[in-house]
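Colleague: Pasting a structure here, questions to come.
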Amino acid sequence: MKSNASDKNQAIHWAWVILVICFINLFVNYGIRLGYSVVLPEMIRTLGFTRRQAGDIFNAYFLAYIILSLFAGNLTDRLGARKIIPMFGVVLGIGTLLMGTSTSFWQASLFFGIVGMGAAAMWTPIITLVQRWFAVKRRGMALGILSTGFGLGFASMGRLFPIIVAEWNWRYCWYFLGIAALIMVLVNIFLLRSKPEDRGLVPWGTPAGEIIPAPQATTSQAVKTRYSEILTKGRFWMLGFSYLLVAGSLYIPTTFMVDYARYELGFPYERASLLATIHGIGQIVGVLTIGMISDYIGRRMTILFSNFCVGVAIVCIIASGGNVVWLFTSVGALGAFFGATFPMYGAAGGDYFRKEIMGTVIGALTIFYGTGAILAHRFAGHIRDATGSFSIPFIIAVVASVIAAVLMGFVKRPEEAR
């Protein structure tokens, strides 16, 4: 097998092509997922949705997402990312286009559920693919670059969607993203490769002369053994419930923040949508800084501190009221910890479990993440309809983030756990 030393004749190692493509995949995917919160006020205004219905539409996405995510990682191991990512990308694009045709709650729920099915291959398979193309000591850098894709996607939608709505209407926001997702299907088919060996290469950053072991086939008995090893460990459940609580805490203000600013604070739609841009920029800052900090103080302490700061940021959002500077600053801070949270819990899976089962751990933790988001949307939407305010849901989000931080305090340090 070739080494990096023999790759010098290549202008660009194919790992960087893979990283760029996966970055764009995340950009489009999270533009669709989080862009829903930007389009939401216009959908509420024109279709007459209640906030509970608005939350349940997003829940349809998450329900399909977490169910399919359980299989996406395994399918990637069996069939390869080059087949799985484009296959799911077709579903993502079609579902997004259909969202633009929605005329009722049930249609929107069905169509966004289809979007969630397609999105199931836009996280675990992608980060698994990137890690296969980069050497161990280069993966942190690669994942840091990759993770800026979802923050930039959200930030861009906050600026782009008001322009599209002003020129046409909210339906064209979905059409634009659906076409982008289908274009990426073609890009993925032609340029993605499931592993470096497919191009006669080794992962980028591999020292010259290092022998890379051949990947082993995964049998059904091995899969059962992996899940048994994970589910019997108390640290997995502690991590999982902490993840559930902080995911719910983050999604309550994130999903409804444009709606909150538009109809509760009375901001014009363009200014309310700008919150998504601020949030997205905060995400980029968070994934590039907080993850690096965790390399020095440890993942456990970083997650604990981050979860507590999520609560502080939401308290500031509540206290800011209509003060634009304070509100935007608070949302930016929330975005930073939003962006860092999901990669951090994924990295914790590698800290507390064998690297050979890291993908399985990340897939299993996704259930907690999706459940937290589903509960948050149902609860927040129902309370907003009943009280006319997001004050109670935001306060509950603060409490949930603090409990999530406390739970991490009971998780042993990685070396103690091992």
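Labels for the structure tokens follow display order: chains A, B, ..., residues from 1 in each chain, ligands from 1.
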Within 9 Å of range 312-334 of chain A, which residues of range 383-413 of chain A show up? Give each one with its shortest atom-to-atom distance in Å (one decimal) and the two atoms involved, counting only C-alpha atoms, rows by chain then rising residue number, as a tab-separated table.

Modeller:
residue	atom	partner	partner_atom	distance
A:Ser391	CA	A:Ile318	CA	7.2
A:Phe394	CA	A:Ile314	CA	6.8
A:Ile395	CA	A:Val315	CA	7.5
A:Ala397	CA	A:Ile314	CA	7.6
A:Val398	CA	A:Ile314	CA	6.3

Colleague: For the residues in that selection, give me C-alpha atoms as a JSON list (two decimals), in the first residue's frame.

Modeller:
[["chain", "number", "residue", "atom", "x", "y", "z"],
["A", 391, "SER", "CA", -41.12, 32.20, 29.27],
["A", 394, "PHE", "CA", -37.17, 28.84, 28.38],
["A", 395, "ILE", "CA", -37.01, 28.51, 32.19],
["A", 397, "ALA", "CA", -34.61, 24.72, 29.38],
["A", 398, "VAL", "CA", -32.36, 26.41, 31.93]]

Colleague: Residues within 9 Å of Tyr345 in chain A, please, as a PDB file with N, CA, C and O atoms, in the first residue's frame. Count only C-alpha atoms; anything in the same chain fewer than 5 positions from it doesn't count.

Modeller:
ATOM      1  N   LEU A 239     -24.109   9.442  30.278  1.00  0.00           N
ATOM      2  CA  LEU A 239     -23.840  10.308  29.128  1.00  0.00           C
ATOM      3  C   LEU A 239     -25.111  10.530  28.315  1.00  0.00           C
ATOM      4  O   LEU A 239     -25.409  11.654  27.882  1.00  0.00           O
ATOM      5  N   GLY A 240     -25.877   9.456  28.105  1.00  0.00           N
ATOM      6  CA  GLY A 240     -27.070   9.529  27.283  1.00  0.00           C
ATOM      7  C   GLY A 240     -28.121  10.458  27.849  1.00  0.00           C
ATOM      8  O   GLY A 240     -28.665  11.315  27.133  1.00  0.00           O
ATOM      9  N   TYR A 243     -27.044  13.987  27.615  1.00  0.00           N
ATOM     10  CA  TYR A 243     -27.191  14.415  26.215  1.00  0.00           C
ATOM     11  C   TYR A 243     -28.655  14.744  25.916  1.00  0.00           C
ATOM     12  O   TYR A 243     -28.965  15.748  25.242  1.00  0.00           O
ATOM     13  N   ARG A 299     -12.716  16.045  28.135  1.00  0.00           N
ATOM     14  CA  ARG A 299     -14.054  16.135  27.566  1.00  0.00           C
ATOM     15  C   ARG A 299     -15.118  16.245  28.655  1.00  0.00           C
ATOM     16  O   ARG A 299     -16.066  17.004  28.557  1.00  0.00           O
ATOM     17  N   ILE A 303     -17.689  19.355  28.841  1.00  0.00           N
ATOM     18  CA  ILE A 303     -19.129  19.177  28.659  1.00  0.00           C
ATOM     19  C   ILE A 303     -19.888  19.705  29.873  1.00  0.00           C
ATOM     20  O   ILE A 303     -20.923  20.376  29.731  1.00  0.00           O
ATOM     21  N   ALA A 340     -20.709  23.272  19.803  1.00  0.00           N
ATOM     22  CA  ALA A 340     -19.712  22.404  20.427  1.00  0.00           C
ATOM     23  C   ALA A 340     -20.327  21.160  21.053  1.00  0.00           C
ATOM     24  O   ALA A 340     -19.642  20.141  21.197  1.00  0.00           O
ATOM     25  N   ILE A 362     -21.790   6.388  18.942  1.00  0.00           N
ATOM     26  CA  ILE A 362     -22.366   7.639  18.436  1.00  0.00           C
ATOM     27  C   ILE A 362     -23.789   7.414  17.933  1.00  0.00           C
ATOM     28  O   ILE A 362     -24.698   8.209  18.203  1.00  0.00           O
ATOM     29  N   LEU A 365     -26.081   7.003  20.964  1.00  0.00           N
ATOM     30  CA  LEU A 365     -26.315   8.275  21.656  1.00  0.00           C
ATOM     31  C   LEU A 365     -27.282   9.165  20.883  1.00  0.00           C
ATOM     32  O   LEU A 365     -27.949  10.028  21.473  1.00  0.00           O
TER      33      LEU A 365
END

Colleague: Counting only C-alpha atoms, which residue out of A:Ile44, A:Ala81, A:Leu152, A:Val39 sits closest to Asp198 in chain A?

Modeller: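 Ranked by minimum distance to Asp198 in chain A, first place goes to A:Ala81.
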
Colleague: Taking into account only C-alpha atoms, which residue in the set A:Trp168, A:Gly55, A:Thr103, A:Leu47 is nearest to Ile383 in chain A?

Modeller: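 Of A:Trp168, A:Gly55, A:Thr103, A:Leu47, the one nearest Ile383 in chain A, counting only C-alpha atoms, is A:Gly55.
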
Colleague: Find, counting only C-alpha atoms, the residue in A:Ser37, A:Ser156, A:Thr128, A:Ser109 that gets nearest to Ile278 in chain A.

Modeller: A:Ser156

Colleague: List as a ChimeraX atom specification the protein and nucleic acid residues near range 401-413 of chain A, meaning an atom at most 8 Å away when only C-alpha atoms are counted, but skip any in the same chain fewer than 3 places from it.

Modeller: /A:235,238-239,241-243,245-246,249,300-301,303-308,310-311,397-398,416-417

Colleague: Give the answer as one residue: which of A:Arg78, A:Arg159, A:Arg171, A:Arg52 has the shortest atom-to-atom distance to Thr277 in chain A, using only C-alpha atoms?

Modeller: A:Arg159

Colleague: Go through A:Phe27, A:Gly151, A:Leu250, A:Thr302 and flag the residue nearest Ile396 in chain A, using only C-alpha atoms for the distances.

Modeller: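 Closest residue, counting only C-alpha atoms: A:Leu250.
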
Colleague: May I have the residues within 6 Å of range 193-196 of chain A as a PyMOL selection string, using only C-alpha atoms and disregarding those fewer than 5 positions away in the same chain?

Modeller: chain A and resi 80-82+133+201-202

Colleague: When you count only C-alpha atoms, which of these residues is closest to Phe49 in chain A: A:Gly335, A:Gly381, A:Ala276, A:Val258?

Modeller: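 Of the candidates, the smallest distance to Phe49 in chain A is held by A:Gly381.
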
Colleague: Could you work out how far CA of Ala72 in chain A lies from CA of Ile21 in chain A, giving the answer in Å with one decimal?

Modeller: 18.6 Å

Colleague: Tell me, as a PDB file with N, CA, C and O atoms, in the first residue's frame, which residues lie within 8 Å of range 65-71 of chain A, counting only C-alpha atoms; anything in the same chain fewer than 4 positions away does not count.

Modeller:
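Below is the file selection.pdb, written as the result:
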ATOM      1  N   TYR A  61     -39.608  14.994  11.747  1.00  0.00           N
ATOM      2  CA  TYR A  61     -38.241  14.924  11.218  1.00  0.00           C
ATOM      3  C   TYR A  61     -37.361  14.096  12.146  1.00  0.00           C
ATOM      4  O   TYR A  61     -36.672  13.162  11.719  1.00  0.00           O
ATOM      5  N   LEU A  75     -25.189   0.321   7.723  1.00  0.00           N
ATOM      6  CA  LEU A  75     -25.251   0.255   6.262  1.00  0.00           C
ATOM      7  C   LEU A  75     -23.984   0.824   5.634  1.00  0.00           C
ATOM      8  O   LEU A  75     -23.506   0.329   4.611  1.00  0.00           O
ATOM      9  N   GLY A 113     -40.848  14.552   7.707  1.00  0.00           N
ATOM     10  CA  GLY A 113     -40.425  13.213   8.100  1.00  0.00           C
ATOM     11  C   GLY A 113     -39.566  12.570   7.026  1.00  0.00           C
ATOM     12  O   GLY A 113     -38.566  11.903   7.318  1.00  0.00           O
ATOM     13  N   GLY A 116     -36.230  13.984   7.263  1.00  0.00           N
ATOM     14  CA  GLY A 116     -35.492  13.357   8.358  1.00  0.00           C
ATOM     15  C   GLY A 116     -34.909  12.010   7.969  1.00  0.00           C
ATOM     16  O   GLY A 116     -33.800  11.649   8.387  1.00  0.00           O
ATOM     17  N   MET A 117     -35.646  11.260   7.158  1.00  0.00           N
ATOM     18  CA  MET A 117     -35.130   9.973   6.665  1.00  0.00           C
ATOM     19  C   MET A 117     -33.838  10.189   5.869  1.00  0.00           C
ATOM     20  O   MET A 117     -32.845   9.480   6.055  1.00  0.00           O
ATOM     21  N   GLY A 118     -33.870  11.165   4.983  1.00  0.00           N
ATOM     22  CA  GLY A 118     -32.681  11.443   4.181  1.00  0.00           C
ATOM     23  C   GLY A 118     -31.526  11.976   4.997  1.00  0.00           C
ATOM     24  O   GLY A 118     -30.356  11.663   4.736  1.00  0.00           O
ATOM     25  N   ALA A 119     -31.849  12.771   6.017  1.00  0.00           N
ATOM     26  CA  ALA A 119     -30.803  13.386   6.846  1.00  0.00           C
ATOM     27  C   ALA A 119     -30.081  12.383   7.724  1.00  0.00           C
ATOM     28  O   ALA A 119     -29.007  12.686   8.261  1.00  0.00           O
ATOM     29  N   ALA A 120     -30.635  11.176   7.877  1.00  0.00           N
ATOM     30  CA  ALA A 120     -30.020  10.162   8.735  1.00  0.00           C
ATOM     31  C   ALA A 120     -28.613   9.791   8.275  1.00  0.00           C
ATOM     32  O   ALA A 120     -27.800   9.335   9.081  1.00  0.00           O
ATOM     33  N   ALA A 121     -28.315   9.982   7.001  1.00  0.00           N
ATOM     34  CA  ALA A 121     -26.982   9.651   6.486  1.00  0.00           C
ATOM     35  C   ALA A 121     -26.095  10.883   6.380  1.00  0.00           C
ATOM     36  O   ALA A 121     -25.018  10.825   5.781  1.00  0.00           O
ATOM     37  N   THR A 124     -23.647  10.635  11.043  1.00  0.00           N
ATOM     38  CA  THR A 124     -22.802   9.505  11.425  1.00  0.00           C
ATOM     39  C   THR A 124     -21.988   8.959  10.252  1.00  0.00           C
ATOM     40  O   THR A 124     -20.769   8.782  10.375  1.00  0.00           O
ATOM     41  N   GLY A 363     -24.010   6.308  17.220  1.00  0.00           N
ATOM     42  CA  GLY A 363     -25.351   5.994  16.733  1.00  0.00           C
ATOM     43  C   GLY A 363     -26.332   5.774  17.870  1.00  0.00           C
ATOM     44  O   GLY A 363     -27.480   6.221  17.819  1.00  0.00           O
ATOM     45  N   ALA A 364     -25.876   5.084  18.934  1.00  0.00           N
ATOM     46  CA  ALA A 364     -26.757   4.828  20.077  1.00  0.00           C
ATOM     47  C   ALA A 364     -27.074   6.116  20.837  1.00  0.00           C
ATOM     48  O   ALA A 364     -28.208   6.319  21.295  1.00  0.00           O
ATOM     49  N   THR A 366     -27.369   8.955  19.562  1.00  0.00           N
ATOM     50  CA  THR A 366     -28.285   9.752  18.738  1.00  0.00           C
ATOM     51  C   THR A 366     -29.732   9.586  19.200  1.00  0.00           C
ATOM     52  O   THR A 366     -30.541  10.515  19.072  1.00  0.00           O
ATOM     53  N   ILE A 367     -30.071   8.422  19.742  1.00  0.00           N
ATOM     54  CA  ILE A 367     -31.435   8.198  20.236  1.00  0.00           C
ATOM     55  C   ILE A 367     -31.756   9.185  21.351  1.00  0.00           C
ATOM     56  O   ILE A 367     -32.847   9.759  21.396  1.00  0.00           O
ATOM     57  N   GLY A 370     -32.099  12.790  19.807  1.00  0.00           N
ATOM     58  CA  GLY A 370     -33.372  12.989  19.117  1.00  0.00           C
ATOM     59  C   GLY A 370     -34.550  13.008  20.061  1.00  0.00           C
ATOM     60  O   GLY A 370     -35.484  13.800  19.887  1.00  0.00           O
TER      61      GLY A 370
END

Colleague: Show me, as JSON lines, the residues of range 93-158 of chain A having an atom within 8 Å of range 178-188 of chain A, each with the closest atom pair and its distance in Å, using only C-alpha atoms.

Modeller:
{"residue": "A:Gly93", "atom": "CA", "partner": "A:Gly178", "partner_atom": "CA", "distance": 4.4}
{"residue": "A:Ile94", "atom": "CA", "partner": "A:Gly178", "partner_atom": "CA", "distance": 6.5}
{"residue": "A:Gly95", "atom": "CA", "partner": "A:Gly178", "partner_atom": "CA", "distance": 7.5}
{"residue": "A:Thr96", "atom": "CA", "partner": "A:Gly178", "partner_atom": "CA", "distance": 4.8}
{"residue": "A:Leu97", "atom": "CA", "partner": "A:Gly178", "partner_atom": "CA", "distance": 4.8}

Colleague: Mind writing the picked residues with N, CA and C atoms as an mmCIF file, in the first residue's frame?

Modeller:
data_model
loop_
_atom_site.group_PDB
_atom_site.id
_atom_site.type_symbol
_atom_site.label_atom_id
_atom_site.label_comp_id
_atom_site.auth_asym_id
_atom_site.auth_seq_id
_atom_site.Cartn_x
_atom_site.Cartn_y
_atom_site.Cartn_z
ATOM 1 N N GLY A 93 -33.373 15.425 -0.695
ATOM 2 C CA GLY A 93 -33.733 16.451 -1.672
ATOM 3 C C GLY A 93 -35.206 16.421 -2.029
ATOM 4 N N ILE A 94 -35.761 15.230 -2.257
ATOM 5 C CA ILE A 94 -37.179 15.114 -2.618
ATOM 6 C C ILE A 94 -38.063 15.594 -1.468
ATOM 7 N N GLY A 95 -37.735 15.193 -0.242
ATOM 8 C CA GLY A 95 -38.530 15.628 0.908
ATOM 9 C C GLY A 95 -38.508 17.133 1.085
ATOM 10 N N THR A 96 -37.345 17.737 0.848
ATOM 11 C CA THR A 96 -37.223 19.192 0.985
ATOM 12 C C THR A 96 -38.046 19.915 -0.075
ATOM 13 N N LEU A 97 -38.011 19.424 -1.314
ATOM 14 C CA LEU A 97 -38.847 20.019 -2.364
ATOM 15 C C LEU A 97 -40.329 19.906 -2.015
#
